[in-house]
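What follows is start-v5.csv (CSV, C-alpha atoms).
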chain,number,residue,atom,x,y,z
A,1,MET,CA,-8.8,9.7,20.5
A,2,LEU,CA,-5.4,9.2,18.8
A,3,LYS,CA,-2.4,7.4,20.3
A,4,LYS,CA,1.0,7.7,18.7
A,5,TYR,CA,2.2,4.4,17.3
A,6,ILE,CA,5.1,5.0,14.9
A,7,ASP,CA,7.1,8.2,14.6
A,8,LYS,CA,8.6,9.8,11.5
A,9,LYS,CA,12.1,8.5,12.0
A,10,ASP,CA,10.8,4.9,12.3
A,11,ILE,CA,8.7,5.3,9.1
A,12,GLU,CA,11.7,6.6,7.2
A,13,ALA,CA,13.8,3.6,8.3
A,14,ILE,CA,11.0,1.2,7.2
A,15,VAL,CA,10.8,2.9,3.8
A,16,ARG,CA,14.5,2.8,3.3
A,17,ARG,CA,14.6,-0.9,4.2
A,18,ILE,CA,11.9,-1.8,1.7
A,19,ALA,CA,13.5,0.3,-1.0
A,20,SER,CA,16.8,-1.5,-0.5
A,21,GLU,CA,15.0,-4.9,-0.8
A,22,ILE,CA,13.3,-3.8,-4.0
A,23,GLU,CA,16.6,-2.5,-5.5
A,24,LYS,CA,18.3,-5.7,-4.7
A,25,ASP,CA,15.6,-7.8,-6.3
A,26,TYR,CA,15.3,-5.6,-9.5
A,27,ARG,CA,19.0,-4.7,-10.1
A,28,ASP,CA,18.9,-1.9,-12.8
A,29,LYS,CA,15.5,-3.0,-14.2
A,30,GLU,CA,12.8,-0.5,-14.8
A,31,ILE,CA,9.9,-0.8,-12.3
A,32,VAL,CA,6.4,0.3,-12.7
A,33,PHE,CA,5.0,1.3,-9.4
A,34,ILE,CA,1.2,1.3,-9.1
A,35,CYS,CA,0.2,3.4,-6.1
A,36,LEU,CA,-3.2,2.5,-4.6
A,37,LEU,CA,-5.1,5.7,-3.9
A,38,LYS,CA,-5.7,7.4,-1.7
A,39,GLY,CA,-3.9,5.9,1.3
A,40,ALA,CA,-0.6,4.9,-0.2
A,41,PHE,CA,0.3,8.2,-1.8
A,42,MET,CA,2.8,9.4,0.9
A,43,PHE,CA,4.4,5.9,1.2
A,44,ALA,CA,4.7,5.5,-2.5
A,45,ALA,CA,6.3,9.0,-2.9
A,46,ASP,CA,8.9,8.3,-0.2
A,47,LEU,CA,9.5,4.8,-1.4
A,48,ILE,CA,10.2,5.9,-5.0
A,49,ARG,CA,12.5,8.7,-3.8
A,50,ASN,CA,14.6,6.0,-2.1
A,51,ILE,CA,14.9,3.8,-5.2
A,52,GLU,CA,17.6,4.4,-7.9
A,53,ASN,CA,16.2,2.1,-10.5
A,54,PRO,CA,14.5,3.6,-13.5
A,55,THR,CA,10.8,4.0,-12.5
A,56,VAL,CA,7.4,4.7,-13.9
A,57,VAL,CA,4.5,5.6,-11.6
A,58,ASP,CA,0.8,5.3,-12.1
A,59,PHE,CA,-2.2,5.3,-9.8
A,60,LEU,CA,-5.2,3.1,-9.2
A,61,ARG,CA,-8.1,3.7,-6.9
A,62,ALA,CA,-10.3,1.0,-5.4
A,63,SER,CA,-12.3,1.0,-2.3
A,64,SER,CA,-14.0,-1.6,-0.1
A,65,TYR,CA,-14.3,0.7,3.0
A,66,GLY,CA,-16.4,3.8,2.2
A,67,ASN,CA,-16.3,5.7,5.5
A,68,ASN,CA,-16.2,2.6,7.7
A,69,MET,CA,-13.4,1.1,9.8
A,70,VAL,CA,-14.1,-2.4,8.5
A,71,SER,CA,-14.1,-3.5,4.8
A,72,CYS,CA,-17.6,-4.1,3.4
A,73,GLY,CA,-16.3,-6.8,1.1
A,74,GLU,CA,-17.3,-5.2,-2.2
A,75,VAL,CA,-14.5,-3.8,-4.3
A,76,HIS,CA,-15.1,-0.8,-6.6
A,77,ILE,CA,-12.4,0.4,-9.0
A,78,THR,CA,-12.9,4.2,-9.4
A,79,LYS,CA,-9.6,5.1,-11.2
A,80,ASP,CA,-7.7,2.7,-13.4
A,81,ILE,CA,-4.1,2.9,-14.4
A,82,GLU,CA,-3.4,4.7,-17.7
A,83,ILE,CA,-0.1,3.0,-18.8
A,84,GLU,CA,0.5,-0.3,-20.5
A,85,ILE,CA,2.1,-2.9,-18.1
A,86,LYS,CA,2.4,-5.8,-20.5
A,87,ASP,CA,5.9,-7.3,-20.2
A,88,LYS,CA,6.8,-4.8,-17.4
A,89,HIS,CA,8.0,-5.4,-13.9
A,90,VAL,CA,5.1,-4.1,-11.7
A,91,ILE,CA,4.9,-3.4,-8.0
A,92,ILE,CA,1.6,-2.6,-6.4
A,93,VAL,CA,2.2,-0.1,-3.5
A,94,GLU,CA,-0.4,-0.3,-0.7
A,95,ASP,CA,-0.7,1.4,2.6
A,96,ILE,CA,-2.2,-1.4,4.7
A,97,ILE,CA,-3.5,-4.8,3.9
A,98,ASP,CA,-6.1,-6.3,6.2
A,99,SER,CA,-8.9,-8.4,4.7
A,100,GLY,CA,-6.9,-8.7,1.4
A,101,ILE,CA,-10.2,-8.6,-0.6
A,102,THR,CA,-9.4,-5.3,-2.4
A,103,LEU,CA,-5.8,-6.2,-3.2
A,104,LYS,CA,-6.7,-9.7,-4.4
A,105,CYS,CA,-9.2,-8.2,-6.9
A,106,ILE,CA,-6.6,-5.6,-8.1
A,107,LYS,CA,-3.9,-8.2,-8.5
A,108,GLU,CA,-6.3,-10.4,-10.6
A,109,ILE,CA,-7.1,-7.4,-12.8
A,110,LEU,CA,-3.5,-6.5,-13.3
A,111,LEU,CA,-2.4,-10.1,-14.0
A,112,GLN,CA,-4.8,-10.2,-17.0
A,113,ARG,CA,-2.7,-7.4,-18.5
A,114,MET,CA,0.3,-9.8,-18.6
A,115,PRO,CA,3.1,-8.0,-16.8
A,116,ALA,CA,6.6,-9.6,-16.8
A,117,SER,CA,6.3,-9.8,-13.0
A,118,LEU,CA,3.8,-8.5,-10.4
A,119,LYS,CA,4.7,-8.0,-6.7
A,120,ILE,CA,2.9,-6.5,-3.8
A,121,CYS,CA,4.5,-4.0,-1.4
A,122,THR,CA,2.7,-2.7,1.7
A,123,LEU,CA,3.7,-0.5,4.5
A,124,PHE,CA,1.5,-2.3,7.0
A,125,ASN,CA,0.3,-5.9,7.1
A,126,LYS,CA,-2.7,-6.8,9.4
A,127,LYS,CA,-3.0,-10.6,9.1
A,128,ALA,CA,-5.5,-10.8,11.9
A,129,ARG,CA,-8.2,-9.5,9.5
A,130,ARG,CA,-7.2,-11.5,6.5
A,131,GLN,CA,-10.2,-13.1,4.7
A,132,VAL,CA,-8.4,-14.2,1.5
A,133,GLU,CA,-5.0,-15.7,0.8
A,134,ILE,CA,-2.6,-13.2,-0.7
A,135,LYS,CA,1.2,-13.2,-1.0
A,136,VAL,CA,2.8,-10.0,0.0
A,137,ASP,CA,6.3,-9.6,-1.3
A,138,TYR,CA,7.5,-6.5,0.7
A,139,VAL,CA,6.2,-5.7,4.1
A,140,GLY,CA,7.1,-2.7,6.1
A,141,LYS,CA,5.6,-3.8,9.4
A,142,GLU,CA,3.3,-6.4,10.7
A,143,ILE,CA,0.6,-4.8,12.9
A,144,GLU,CA,-2.0,-6.0,15.3
A,145,ASP,CA,-5.7,-5.7,14.9
A,146,PHE,CA,-6.2,-2.0,15.5
A,147,PHE,CA,-7.2,0.9,13.3
A,148,ILE,CA,-4.5,3.3,12.3
A,149,VAL,CA,-4.4,6.8,10.6
A,150,GLY,CA,-1.7,9.2,9.4
A,151,TYR,CA,1.0,9.3,6.7
A,152,GLY,CA,-1.7,9.1,4.1
A,153,ILE,CA,-4.0,6.6,5.9
A,154,ASP,CA,-7.4,8.1,6.7
A,155,TYR,CA,-10.6,7.6,8.7
A,156,GLY,CA,-13.5,9.2,6.9
A,157,GLU,CA,-11.0,11.2,4.7
A,158,HIS,CA,-9.4,12.8,7.8
A,159,TYR,CA,-6.0,12.4,9.3
A,160,ARG,CA,-4.1,11.7,6.1
A,161,ASN,CA,-1.9,14.8,6.7
A,162,LEU,CA,-0.5,13.5,10.0
A,163,PRO,CA,3.3,12.8,9.5
A,164,GLU,CA,3.3,9.9,11.9
A,165,ILE,CA,1.1,6.8,12.5
A,166,PHE,CA,-1.6,6.9,15.2
A,167,ILE,CA,-3.9,4.2,16.6
A,168,VAL,CA,-7.6,5.3,16.7
A,169,GLU,CA,-8.9,4.5,20.1
A,170,ALA,CA,-12.6,4.5,21.0
A,171,ASP,CA,-13.6,7.3,23.3
A,172,GLN,CA,-14.1,6.0,26.8
Would you mind giving the structure from this file in structure tokens?
Amino acid sequence: MLKKYIDKKDIEAIVRRIASEIEKDYRDKEIVFICLLKGAFMFAADLIRNIENPTVVDFLRASSYGNNMVSCGEVHITKDIEIEIKDKHVIIVEDIIDSGITLKCIKEILLQRMPASLKICTLFNKKARRQVEIKVDYVGKEIEDFFIVGYGIDYGEHYRNLPEIFIVEADQ
């Protein structure tokens, strides 16, 4: 059962706010956005459309969920970026951070490639599930410990197409 949590208008406002923060921090500098697939693709597209800086976009896919609602703790990189990020300003774009395990692993991999800077941007931050310490530079919204879908975020590869965010509630 799905319960509406955040509507389209509120998502758009969150994205515009984050874009404004990024533009302020990177005044006229080129930014390399690394979108984490699959969940962040809608957020990344909307975010980049709201940023006037010169941008480059690439994609990385890693998973620690499979078809589960809880991270299994093992990180698997299934698609790496294709561009050189050495001496570039890089922002990782994530849909939701909960355990932090996947993102910490990705950050460590990307730091080895010596970017000029590396920051993390997430639409949703779920601190209640955090298992590792990770600094998040741009946060759309702090959320409680529930499972969400929509706007690119899935459950078993379903619900990505929903234009709003919904809480997945257990059937009674």
Residues near Ala170 of chain A, cut-off 12 Å, only C-alpha atoms, skip fewer than 3 positions along chain, as a list in words: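 My list of contacting residues is Met1, Leu2, Lys3, Met69, Phe146, Phe147, Ile148 and Ile167 of chain A.
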Residues within 8 Å of segment 86-98 of chain A, all atoms listed in the file, excluding chain neighbours under 2 positions, as a PDB file with C-alpha atoms, in the frame of the given file:
ATOM      1  CA  LYS A  29      15.500  -3.000 -14.200  1.00  0.00           C
ATOM      2  CA  GLU A  30      12.800  -0.500 -14.800  1.00  0.00           C
ATOM      3  CA  ILE A  31       9.900  -0.800 -12.300  1.00  0.00           C
ATOM      4  CA  VAL A  32       6.400   0.300 -12.700  1.00  0.00           C
ATOM      5  CA  PHE A  33       5.000   1.300  -9.400  1.00  0.00           C
ATOM      6  CA  ILE A  34       1.200   1.300  -9.100  1.00  0.00           C
ATOM      7  CA  CYS A  35       0.200   3.400  -6.100  1.00  0.00           C
ATOM      8  CA  LEU A  36      -3.200   2.500  -4.600  1.00  0.00           C
ATOM      9  CA  GLY A  39      -3.900   5.900   1.300  1.00  0.00           C
ATOM     10  CA  ALA A  40      -0.600   4.900  -0.200  1.00  0.00           C
ATOM     11  CA  PHE A  43       4.400   5.900   1.200  1.00  0.00           C
ATOM     12  CA  ALA A  44       4.700   5.500  -2.500  1.00  0.00           C
ATOM     13  CA  GLU A  84       0.500  -0.300 -20.500  1.00  0.00           C
ATOM     14  CA  GLY A 100      -6.900  -8.700   1.400  1.00  0.00           C
ATOM     15  CA  LEU A 103      -5.800  -6.200  -3.200  1.00  0.00           C
ATOM     16  CA  ARG A 113      -2.700  -7.400 -18.500  1.00  0.00           C
ATOM     17  CA  MET A 114       0.300  -9.800 -18.600  1.00  0.00           C
ATOM     18  CA  PRO A 115       3.100  -8.000 -16.800  1.00  0.00           C
ATOM     19  CA  ALA A 116       6.600  -9.600 -16.800  1.00  0.00           C
ATOM     20  CA  SER A 117       6.300  -9.800 -13.000  1.00  0.00           C
ATOM     21  CA  LEU A 118       3.800  -8.500 -10.400  1.00  0.00           C
ATOM     22  CA  LYS A 119       4.700  -8.000  -6.700  1.00  0.00           C
ATOM     23  CA  ILE A 120       2.900  -6.500  -3.800  1.00  0.00           C
ATOM     24  CA  CYS A 121       4.500  -4.000  -1.400  1.00  0.00           C
ATOM     25  CA  THR A 122       2.700  -2.700   1.700  1.00  0.00           C
ATOM     26  CA  LEU A 123       3.700  -0.500   4.500  1.00  0.00           C
ATOM     27  CA  PHE A 124       1.500  -2.300   7.000  1.00  0.00           C
ATOM     28  CA  ASN A 125       0.300  -5.900   7.100  1.00  0.00           C
ATOM     29  CA  LYS A 126      -2.700  -6.800   9.400  1.00  0.00           C
ATOM     30  CA  LYS A 127      -3.000 -10.600   9.100  1.00  0.00           C
ATOM     31  CA  ALA A 128      -5.500 -10.800  11.900  1.00  0.00           C
ATOM     32  CA  ARG A 129      -8.200  -9.500   9.500  1.00  0.00           C
ATOM     33  CA  ARG A 130      -7.200 -11.500   6.500  1.00  0.00           C
ATOM     34  CA  GLY A 152      -1.700   9.100   4.100  1.00  0.00           C
ATOM     35  CA  ILE A 153      -4.000   6.600   5.900  1.00  0.00           C
TER      36      ILE A 153
END
Find the residues around Ala19 of chain A up to 8 Å (only C-alpha atoms counted), leave out those fewer than 2 positions away in its own chain, and share them as number ranges by chain. A: 15-17, 21-23, 47-48, 50-51
Rounded to one decimal, what separation in Å do you get between atom CA of Gln112 of chain A and atom CA of Ile81 of chain A? 13.4 Å
For Asp46 of chain A, the nearest of the candidates A:Ile14, A:Ile85, A:Ile165, A:Val132, counting only C-alpha atoms: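 Checking each candidate against Asp46 of chain A, we get A:Ile14 as the closest.
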Rounded to one decimal, what separation in Å do you get between atom CA of Leu111 of chain A and atom CA of Lys141 of chain A?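 About the pair atom CA of Leu111 of chain A and atom CA of Lys141 of chain A: they are 25.5 Å apart.
Compared by their closest atoms to Arg61 of chain A, and using all atoms listed in the file, the residues A:Thr78, A:Asn161, A:Thr102, A:Ser20 rank with A:Thr78 nearest.
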